[in-house]
Amino acid sequence: MVRKELFKSLIALRQADLPFERIERELVLPIQPGLIIMVPGVRRAGKSSLLMLTVNKLLASGVKREQILWVNFDDERLFGMPTEELDEMLQAYREMYPDIHLKDVYMFFDEIQNIVGWDLFVLRVFKSYSEHVYVTGSNAKLLSSEISTALRGWTIDYEMLPLSFREFCRFTGIDVHSYLESDKAKRYAAMEEYIHEGAFPKVVLTNDRSTKLRLLQGYFNAMLFRDLVERYKIKNIEALRYFLKRLMLNLTKTTSINAIVNDMRSNGVTVNKDDLYNWADWAVDTYMFIRYPKYSSSLVKENQSLRKYYVIDTGMRQAVLMPQSEDNGKLLENIVALELFRRRGAEKKIFYWQGGHECDFVVQREELVEELIQVTWDMTDEDTRKREIEGLKEASKGTKCDKLTIVTREMKETIEEEGYRIEVVGIEEWLNSDMISKAI
């Protein structure tokens, strides 16, 4: 009875807030899906806001606010709730609105992964009551490749990441299409902020630098303790914290878990190698990092290769590490890595190339490599210029790909050398152009 009354209160409070005031995002959820909509993603990226935008669309289409059933399971009063008590949520709604059939109700379950056995409950709701079910969670285990066998084939995934640069400009009132010099100057400053301070929505809407840092450090600690320590019952917290910082420090480079183990042990930190491999997987599962393997025509070699890790938000990295030296090149490459991840779709895979030379990104669509990308802050140094070009040429020979791109902070030119054509483009143009195909 107590739980049922709590559900009534939570449902009523959400309905009282309708419609929500939220800034539009590029990702749009369907309002008549026919499948369970899953929205996994990193904490504080705007998953709940995306659901709110979807509710606003429903209201605009004629759906009544009483037809919205929304429960946020990140509420501490619901922690540890047995799965069987989820039925009290449906009972609570029926008592509130006895004249509304559940088939006409739009159900939004926010952060439901906090409830053990949630997946079977959601499937039963979808099959027996309502085909309008939306689920969010700060864990990649909500992806169809990881969820229980029971749910497979019944879901469609929409990953939520921090803001793209176009969204960043929308949030800060900057015109991405204007050719006025004043607007160009604003976009240049916005790009500097985007690269160095990241793109979590609340951080972007915060003007005070000190407050931004506290928010970002708080996000890191929430991911550390709630998404990793609590979820996976990790005891060696300080070793985990050190390990995550090492991954952040190692941006743009291949990461050897064995090397980190040896380094930690040499510094007197007791750690198990298998634990570190698990921590790396879990940090990716919870969207703290993304990672790319080395390109190889052999699946076995690809799986055995060292990975490159990129942090989900460059601002969080800077707030946590407080680096003493400028990391402009690393941060720029991380921005490109995230955008490729955001736009990869179901048919693309991203790799890095490593042979005699290196190429930062190999973009493969199904069986064919469609683009090779290098990233460097600038190319005024002749050695840098030569290194980036040679890496592209070698990767081009190895992959038979002739679409070659170098992304810089702001340089633009076309290089023709030994039969190769290389487009050099600034990061703003690259992010805002059609040079990278949109995800399906």
# chains A, B, ... in the order shown; residues from 1 in each chain; ligands from 1
$ select_by_dssp --residues "stretch 200-396 of chain A" --states "strand (DSSP E)" --output "MDAnalysis selection string"
chainID A and resid 254:255 289:292 307:311 348:354 358:365 368:375
$ write_last_selection --atoms "N, CA and C atoms" --output "CSV table (one decimal), in the first residue's frame"
chain,number,residue,atom,x,y,z
A,254,THR,N,47.4,3.9,-28.0
A,254,THR,CA,46.9,2.6,-27.7
A,254,THR,C,47.1,2.3,-26.2
A,255,THR,N,46.2,1.6,-25.6
A,255,THR,CA,46.3,1.4,-24.1
A,255,THR,C,46.5,-0.1,-23.9
A,289,PHE,N,33.6,5.8,-21.2
A,289,PHE,CA,34.6,5.8,-22.4
A,289,PHE,C,34.0,5.1,-23.6
A,290,ILE,N,34.5,5.4,-24.7
A,290,ILE,CA,34.3,4.6,-25.9
A,290,ILE,C,35.6,4.1,-26.3
A,291,ARG,N,35.7,3.0,-27.1
A,291,ARG,CA,37.0,2.5,-27.5
A,291,ARG,C,36.9,1.9,-28.9
A,292,TYR,N,38.1,2.0,-29.6
A,292,TYR,CA,38.2,1.5,-31.0
A,292,TYR,C,39.3,0.5,-31.1
A,307,ARG,N,43.4,-1.5,-27.7
A,307,ARG,CA,42.3,-0.5,-28.0
A,307,ARG,C,42.8,0.9,-27.7
A,308,LYS,N,42.1,1.8,-28.4
A,308,LYS,CA,42.3,3.2,-28.1
A,308,LYS,C,41.0,3.7,-27.3
A,309,TYR,N,41.2,4.3,-26.2
A,309,TYR,CA,40.1,4.8,-25.4
A,309,TYR,C,39.9,6.3,-25.5
A,310,TYR,N,38.6,6.7,-25.6
A,310,TYR,CA,38.3,8.1,-25.7
A,310,TYR,C,37.2,8.4,-24.6
A,311,VAL,N,37.4,9.5,-23.9
A,311,VAL,CA,36.5,9.8,-22.8
A,311,VAL,C,35.2,10.4,-23.4
A,348,LYS,N,28.1,0.8,-39.5
A,348,LYS,CA,29.5,1.3,-39.5
A,348,LYS,C,30.3,0.8,-38.4
A,349,LYS,N,31.6,0.6,-38.6
A,349,LYS,CA,32.5,0.3,-37.5
A,349,LYS,C,33.7,1.3,-37.6
A,350,ILE,N,34.2,1.6,-36.5
A,350,ILE,CA,35.4,2.6,-36.4
A,350,ILE,C,36.6,1.9,-35.9
A,351,PHE,N,37.7,2.1,-36.6
A,351,PHE,CA,39.0,1.5,-36.1
A,351,PHE,C,40.1,2.6,-36.2
A,352,TYR,N,41.3,2.2,-35.7
A,352,TYR,CA,42.5,3.0,-36.0
A,352,TYR,C,43.4,2.1,-36.9
A,353,TRP,N,44.3,2.8,-37.6
A,353,TRP,CA,45.3,2.1,-38.4
A,353,TRP,C,46.6,2.2,-37.8
A,354,GLN,N,47.3,1.0,-37.7
A,354,GLN,CA,48.7,1.1,-37.2
A,354,GLN,C,49.6,0.1,-38.0
A,358,GLU,N,50.7,5.6,-38.7
A,358,GLU,CA,49.4,5.5,-38.0
A,358,GLU,C,48.4,6.4,-38.7
A,359,CYS,N,47.2,6.0,-38.6
A,359,CYS,CA,46.0,6.8,-39.1
A,359,CYS,C,45.0,6.7,-38.0
A,360,ASP,N,44.5,7.9,-37.6
A,360,ASP,CA,43.7,8.0,-36.4
A,360,ASP,C,42.4,7.2,-36.5
A,361,PHE,N,41.7,7.3,-37.6
A,361,PHE,CA,40.4,6.7,-37.8
A,361,PHE,C,40.2,6.0,-39.1
A,362,VAL,N,39.7,4.8,-39.1
A,362,VAL,CA,39.3,4.1,-40.3
A,362,VAL,C,37.8,3.8,-40.2
A,363,VAL,N,37.0,4.4,-41.1
A,363,VAL,CA,35.6,4.3,-41.0
A,363,VAL,C,35.1,3.3,-42.0
A,364,GLN,N,34.6,2.2,-41.6
A,364,GLN,CA,34.2,1.1,-42.4
A,364,GLN,C,32.7,0.9,-42.4
A,365,ARG,N,32.1,0.9,-43.6
A,365,ARG,CA,30.7,0.7,-43.8
A,365,ARG,C,30.5,-0.7,-44.3
A,368,LEU,N,33.3,-2.5,-46.6
A,368,LEU,CA,34.2,-1.5,-47.3
A,368,LEU,C,34.6,-0.4,-46.4
A,369,VAL,N,35.9,0.0,-46.5
A,369,VAL,CA,36.3,1.2,-45.8
A,369,VAL,C,36.0,2.4,-46.7
A,370,GLU,N,35.2,3.3,-46.1
A,370,GLU,CA,34.7,4.5,-46.8
A,370,GLU,C,35.5,5.8,-46.6
A,371,GLU,N,36.2,5.8,-45.5
A,371,GLU,CA,37.0,7.1,-45.2
A,371,GLU,C,38.1,6.8,-44.2
A,372,LEU,N,39.2,7.6,-44.4
A,372,LEU,CA,40.3,7.6,-43.5
A,372,LEU,C,40.5,9.0,-43.0
A,373,ILE,N,40.7,9.1,-41.7
A,373,ILE,CA,40.7,10.5,-41.1
A,373,ILE,C,41.9,10.6,-40.1
A,374,GLN,N,42.7,11.6,-40.3
A,374,GLN,CA,43.7,12.0,-39.4
A,374,GLN,C,43.2,13.3,-38.7
A,375,VAL,N,43.7,13.5,-37.4
A,375,VAL,CA,43.3,14.7,-36.7
A,375,VAL,C,44.6,15.3,-36.1
$ residues_around --residues "stretch 110-112 of chain A" --least-positions-apart "6" --cutoff "12 Å" --atoms "only C-alpha atoms" --output "ChimeraX atom specification"
/A:10,14,37-44,46-52,69-76,78-81,83,86,118-122,133-142,227
$ write_last_selection --atoms "C-alpha atoms" --output "mmCIF file, in the first residue's frame"
data_model
loop_
_atom_site.group_PDB
_atom_site.id
_atom_site.type_symbol
_atom_site.label_atom_id
_atom_site.label_comp_id
_atom_site.auth_asym_id
_atom_site.auth_seq_id
_atom_site.Cartn_x
_atom_site.Cartn_y
_atom_site.Cartn_z
ATOM 1 C CA LEU A 10 5.357 10.268 -8.572
ATOM 2 C CA ARG A 14 5.241 14.437 -13.382
ATOM 3 C CA ILE A 37 12.171 2.324 -27.140
ATOM 4 C CA MET A 38 15.460 2.004 -25.257
ATOM 5 C CA VAL A 39 17.531 5.121 -24.535
ATOM 6 C CA PRO A 40 20.861 4.122 -23.001
ATOM 7 C CA GLY A 41 23.604 6.660 -22.443
ATOM 8 C CA VAL A 42 25.975 8.358 -20.049
ATOM 9 C CA ARG A 43 24.653 10.097 -16.946
ATOM 10 C CA ARG A 44 23.610 13.738 -17.334
ATOM 11 C CA GLY A 46 19.904 14.438 -21.379
ATOM 12 C CA LYS A 47 18.116 11.080 -21.563
ATOM 13 C CA SER A 48 15.286 12.285 -19.347
ATOM 14 C CA SER A 49 15.068 15.502 -21.346
ATOM 15 C CA LEU A 50 14.726 13.471 -24.524
ATOM 16 C CA LEU A 51 11.754 11.675 -22.987
ATOM 17 C CA MET A 52 10.320 15.049 -21.986
ATOM 18 C CA LEU A 69 2.695 7.419 -16.885
ATOM 19 C CA TRP A 70 6.226 8.484 -15.950
ATOM 20 C CA VAL A 71 8.323 7.041 -13.108
ATOM 21 C CA ASN A 72 11.958 7.886 -12.411
ATOM 22 C CA PHE A 73 13.559 4.868 -10.742
ATOM 23 C CA ASP A 74 16.567 6.923 -9.695
ATOM 24 C CA ASP A 75 14.404 7.973 -6.732
ATOM 25 C CA GLU A 76 16.067 6.612 -3.585
ATOM 26 C CA LEU A 78 12.514 2.922 -5.009
ATOM 27 C CA PHE A 79 16.036 1.516 -4.529
ATOM 28 C CA GLY A 80 16.060 -2.206 -3.814
ATOM 29 C CA MET A 81 12.403 -2.603 -4.741
ATOM 30 C CA THR A 83 10.447 -6.735 -9.208
ATOM 31 C CA LEU A 86 6.373 -3.062 -10.069
ATOM 32 C CA TRP A 118 13.098 -4.983 -14.898
ATOM 33 C CA ASP A 119 13.421 -6.420 -18.401
ATOM 34 C CA LEU A 120 10.799 -9.152 -17.994
ATOM 35 C CA PHE A 121 8.390 -6.672 -16.422
ATOM 36 C CA VAL A 122 8.816 -4.226 -19.322
ATOM 37 C CA VAL A 133 6.896 1.984 -23.718
ATOM 38 C CA TYR A 134 10.053 4.080 -23.333
ATOM 39 C CA VAL A 135 13.038 3.074 -21.184
ATOM 40 C CA THR A 136 16.207 4.981 -20.270
ATOM 41 C CA GLY A 137 19.307 3.917 -18.403
ATOM 42 C CA SER A 138 22.915 4.931 -17.711
ATOM 43 C CA ASN A 139 24.272 1.602 -18.783
ATOM 44 C CA ALA A 140 25.112 0.008 -22.119
ATOM 45 C CA LYS A 141 23.494 -3.192 -20.823
ATOM 46 C CA LEU A 142 20.271 -1.664 -22.099
ATOM 47 C CA ASP A 227 27.722 3.124 -12.111
#
$ closest_atom_pairs --of "stretch 297-378 of chain A" --to "stretch 156-179 of chain A" --cutoff "10 Å" --atoms "only C-alpha atoms" --output "CSV"
residue,atom,partner,partner_atom,distance
A:Ile312,CA,A:Pro162,CA,7.7
A:Asp313,CA,A:Pro162,CA,7.1
A:Ile335,CA,A:Ser164,CA,9.3
A:Leu338,CA,A:Leu161,CA,8.7
A:Glu339,CA,A:Ser164,CA,7.3
A:Phe341,CA,A:Leu161,CA,9.5
A:Arg342,CA,A:Leu161,CA,7.4
$ closest_residue --among "A:Tyr295, A:Glu416, A:Val300, A:Ala60" --to "A:Ala395" --atoms "only C-alpha atoms"
A:Tyr295
$ residues_around --residues "A:Met322" --least-positions-apart "6" --cutoff "12 Å" --atoms "only C-alpha atoms" --output "PyMOL selection string"
chain A and resi 196-197+213+216-217+245+248-249+314-316
$ closest_residue --among "A:Ile195, A:Ile11, A:Leu59, A:Leu27" --to "A:Glu333" --atoms "only C-alpha atoms"
A:Ile195
$ closest_residue --among "A:Lys186, A:Leu215, A:Pro19, A:Glu88" --to "A:Phe200" --atoms "only C-alpha atoms"
A:Leu215
$ closest_residue --among "A:Met96, A:Leu276, A:Leu340, A:Val269" --to "A:Ile234" --atoms "only C-alpha atoms"
A:Leu276
$ closest_atom_pairs --of "stretch 322-365 of chain A" --to "stretch 409-414 of chain A" --cutoff "10 Å" --atoms "only C-alpha atoms" --output "Markdown table"
| residue | atom | partner | partner_atom | distance |
| --- | --- | --- | --- | --- |
| A:Asn328 | CA | A:Arg409 | CA | 9.1 |
| A:Gly329 | CA | A:Arg409 | CA | 8.9 |
| A:Leu332 | CA | A:Arg409 | CA | 7.6 |
$ write_last_selection --atoms "C-alpha atoms" --output "PDB file, in the first residue's frame"
ATOM      1  CA  ASN A 328      44.772  20.519 -27.645  1.00  0.00           C
ATOM      2  CA  GLY A 329      45.615  17.742 -30.109  1.00  0.00           C
ATOM      3  CA  LEU A 332      40.472  17.571 -30.778  1.00  0.00           C
TER       4      LEU A 332
END
$ select_by_dssp --residues "stretch 140-268 of chain A" --states "helix (DSSP H, G or I)" --output "PyMOL selection string"
chain A and resi 140-142+149-151+165-171+181-197+201-204+209-232+237-249+257-266
$ write_last_selection --atoms "C-alpha atoms" --output "PDB file, in the first residue's frame"
ATOM      1  CA  ALA A 140      25.112   0.008 -22.119  1.00  0.00           C
ATOM      2  CA  LYS A 141      23.494  -3.192 -20.823  1.00  0.00           C
ATOM      3  CA  LEU A 142      20.271  -1.664 -22.099  1.00  0.00           C
ATOM      4  CA  THR A 149      17.280 -12.960 -24.473  1.00  0.00           C
ATOM      5  CA  ALA A 150      13.623 -12.346 -23.623  1.00  0.00           C
ATOM      6  CA  LEU A 151      13.733  -8.724 -24.836  1.00  0.00           C
ATOM      7  CA  PHE A 165      28.502  20.993 -31.613  1.00  0.00           C
ATOM      8  CA  ARG A 166      25.338  21.908 -33.482  1.00  0.00           C
ATOM      9  CA  GLU A 167      23.320  21.286 -30.320  1.00  0.00           C
ATOM     10  CA  PHE A 168      25.911  23.182 -28.281  1.00  0.00           C
ATOM     11  CA  CYS A 169      25.339  26.211 -30.506  1.00  0.00           C
ATOM     12  CA  ARG A 170      21.570  25.834 -30.192  1.00  0.00           C
ATOM     13  CA  PHE A 171      21.845  25.732 -26.393  1.00  0.00           C
ATOM     14  CA  GLU A 181      32.162  38.077 -39.099  1.00  0.00           C
ATOM     15  CA  SER A 182      30.710  38.690 -35.639  1.00  0.00           C
ATOM     16  CA  ASP A 183      28.917  35.332 -35.719  1.00  0.00           C
ATOM     17  CA  LYS A 184      32.025  33.562 -37.017  1.00  0.00           C
ATOM     18  CA  ALA A 185      33.936  34.965 -34.053  1.00  0.00           C
ATOM     19  CA  LYS A 186      31.245  33.683 -31.683  1.00  0.00           C
ATOM     20  CA  ARG A 187      31.431  30.220 -33.244  1.00  0.00           C
ATOM     21  CA  TYR A 188      35.215  30.193 -32.915  1.00  0.00           C
ATOM     22  CA  ALA A 189      34.932  30.989 -29.208  1.00  0.00           C
ATOM     23  CA  ALA A 190      32.142  28.414 -28.862  1.00  0.00           C
ATOM     24  CA  MET A 191      34.352  25.757 -30.441  1.00  0.00           C
ATOM     25  CA  GLU A 192      37.132  26.528 -27.961  1.00  0.00           C
ATOM     26  CA  GLU A 193      34.665  26.061 -25.139  1.00  0.00           C
ATOM     27  CA  TYR A 194      33.225  22.914 -26.707  1.00  0.00           C
ATOM     28  CA  ILE A 195      36.685  21.352 -27.052  1.00  0.00           C
ATOM     29  CA  HIS A 196      38.001  22.281 -23.622  1.00  0.00           C
ATOM     30  CA  GLU A 197      34.904  22.350 -21.408  1.00  0.00           C
ATOM     31  CA  PRO A 201      23.850  20.114 -21.168  1.00  0.00           C
ATOM     32  CA  LYS A 202      23.760  21.555 -17.643  1.00  0.00           C
ATOM     33  CA  VAL A 203      27.452  22.460 -17.821  1.00  0.00           C
ATOM     34  CA  VAL A 204      26.944  24.217 -21.158  1.00  0.00           C
ATOM     35  CA  ARG A 209      33.795  28.392 -14.500  1.00  0.00           C
ATOM     36  CA  SER A 210      34.102  27.191 -10.906  1.00  0.00           C
ATOM     37  CA  THR A 211      30.576  25.793 -10.954  1.00  0.00           C
ATOM     38  CA  LYS A 212      31.294  23.995 -14.228  1.00  0.00           C
ATOM     39  CA  LEU A 213      34.316  22.288 -12.680  1.00  0.00           C
ATOM     40  CA  ARG A 214      32.352  21.185  -9.630  1.00  0.00           C
ATOM     41  CA  LEU A 215      29.574  19.793 -11.823  1.00  0.00           C
ATOM     42  CA  LEU A 216      31.999  17.847 -13.996  1.00  0.00           C
ATOM     43  CA  GLN A 217      33.895  16.445 -11.026  1.00  0.00           C
ATOM     44  CA  GLY A 218      30.546  15.469  -9.520  1.00  0.00           C
ATOM     45  CA  TYR A 219      29.565  13.655 -12.711  1.00  0.00           C
ATOM     46  CA  PHE A 220      32.813  11.702 -12.626  1.00  0.00           C
ATOM     47  CA  ASN A 221      32.259  10.708  -9.007  1.00  0.00           C
ATOM     48  CA  ALA A 222      28.676   9.642  -9.746  1.00  0.00           C
ATOM     49  CA  MET A 223      29.890   7.423 -12.577  1.00  0.00           C
ATOM     50  CA  LEU A 224      32.675   6.090 -10.382  1.00  0.00           C
ATOM     51  CA  PHE A 225      30.565   5.217  -7.365  1.00  0.00           C
ATOM     52  CA  ARG A 226      27.045   4.610  -8.682  1.00  0.00           C
ATOM     53  CA  ASP A 227      27.722   3.124 -12.111  1.00  0.00           C
ATOM     54  CA  LEU A 228      30.876   1.167 -11.262  1.00  0.00           C
ATOM     55  CA  VAL A 229      31.571   0.686  -7.535  1.00  0.00           C
ATOM     56  CA  GLU A 230      27.974   0.063  -6.441  1.00  0.00           C
ATOM     57  CA  ARG A 231      26.801  -1.795  -9.517  1.00  0.00           C
ATOM     58  CA  TYR A 232      29.774  -4.139  -9.811  1.00  0.00           C
ATOM     59  CA  ILE A 237      38.090   2.136  -5.109  1.00  0.00           C
ATOM     60  CA  GLU A 238      41.342   4.099  -5.160  1.00  0.00           C
ATOM     61  CA  ALA A 239      42.900   1.665  -7.629  1.00  0.00           C
ATOM     62  CA  LEU A 240      39.812   2.028  -9.824  1.00  0.00           C
ATOM     63  CA  ARG A 241      40.020   5.820  -9.650  1.00  0.00           C
ATOM     64  CA  TYR A 242      43.707   5.721 -10.636  1.00  0.00           C
ATOM     65  CA  PHE A 243      42.951   3.347 -13.507  1.00  0.00           C
ATOM     66  CA  LEU A 244      40.217   5.579 -14.930  1.00  0.00           C
ATOM     67  CA  LYS A 245      42.537   8.572 -14.788  1.00  0.00           C
ATOM     68  CA  ARG A 246      45.196   6.583 -16.635  1.00  0.00           C
ATOM     69  CA  LEU A 247      42.710   5.866 -19.417  1.00  0.00           C
ATOM     70  CA  MET A 248      41.897   9.577 -19.594  1.00  0.00           C
ATOM     71  CA  LEU A 249      45.577  10.487 -19.670  1.00  0.00           C
ATOM     72  CA  ILE A 257      46.124  -2.993 -19.639  1.00  0.00           C
ATOM     73  CA  ASN A 258      49.153  -5.126 -18.786  1.00  0.00           C
ATOM     74  CA  ALA A 259      51.389  -2.052 -18.826  1.00  0.00           C
ATOM     75  CA  ILE A 260      49.037  -0.229 -16.446  1.00  0.00           C
ATOM     76  CA  VAL A 261      49.004  -3.255 -14.123  1.00  0.00           C
ATOM     77  CA  ASN A 262      52.796  -3.306 -14.003  1.00  0.00           C
ATOM     78  CA  ASP A 263      52.927   0.437 -13.417  1.00  0.00           C
ATOM     79  CA  MET A 264      50.441   0.238 -10.550  1.00  0.00           C
ATOM     80  CA  ARG A 265      52.260  -2.661  -8.935  1.00  0.00           C
ATOM     81  CA  SER A 266      55.602  -0.865  -9.230  1.00  0.00           C
TER      82      SER A 266
END
$ atom_distance --atom1 "atom CA of A:Glu423" --atom2 "atom CA of A:Lys403"
8.5 Å
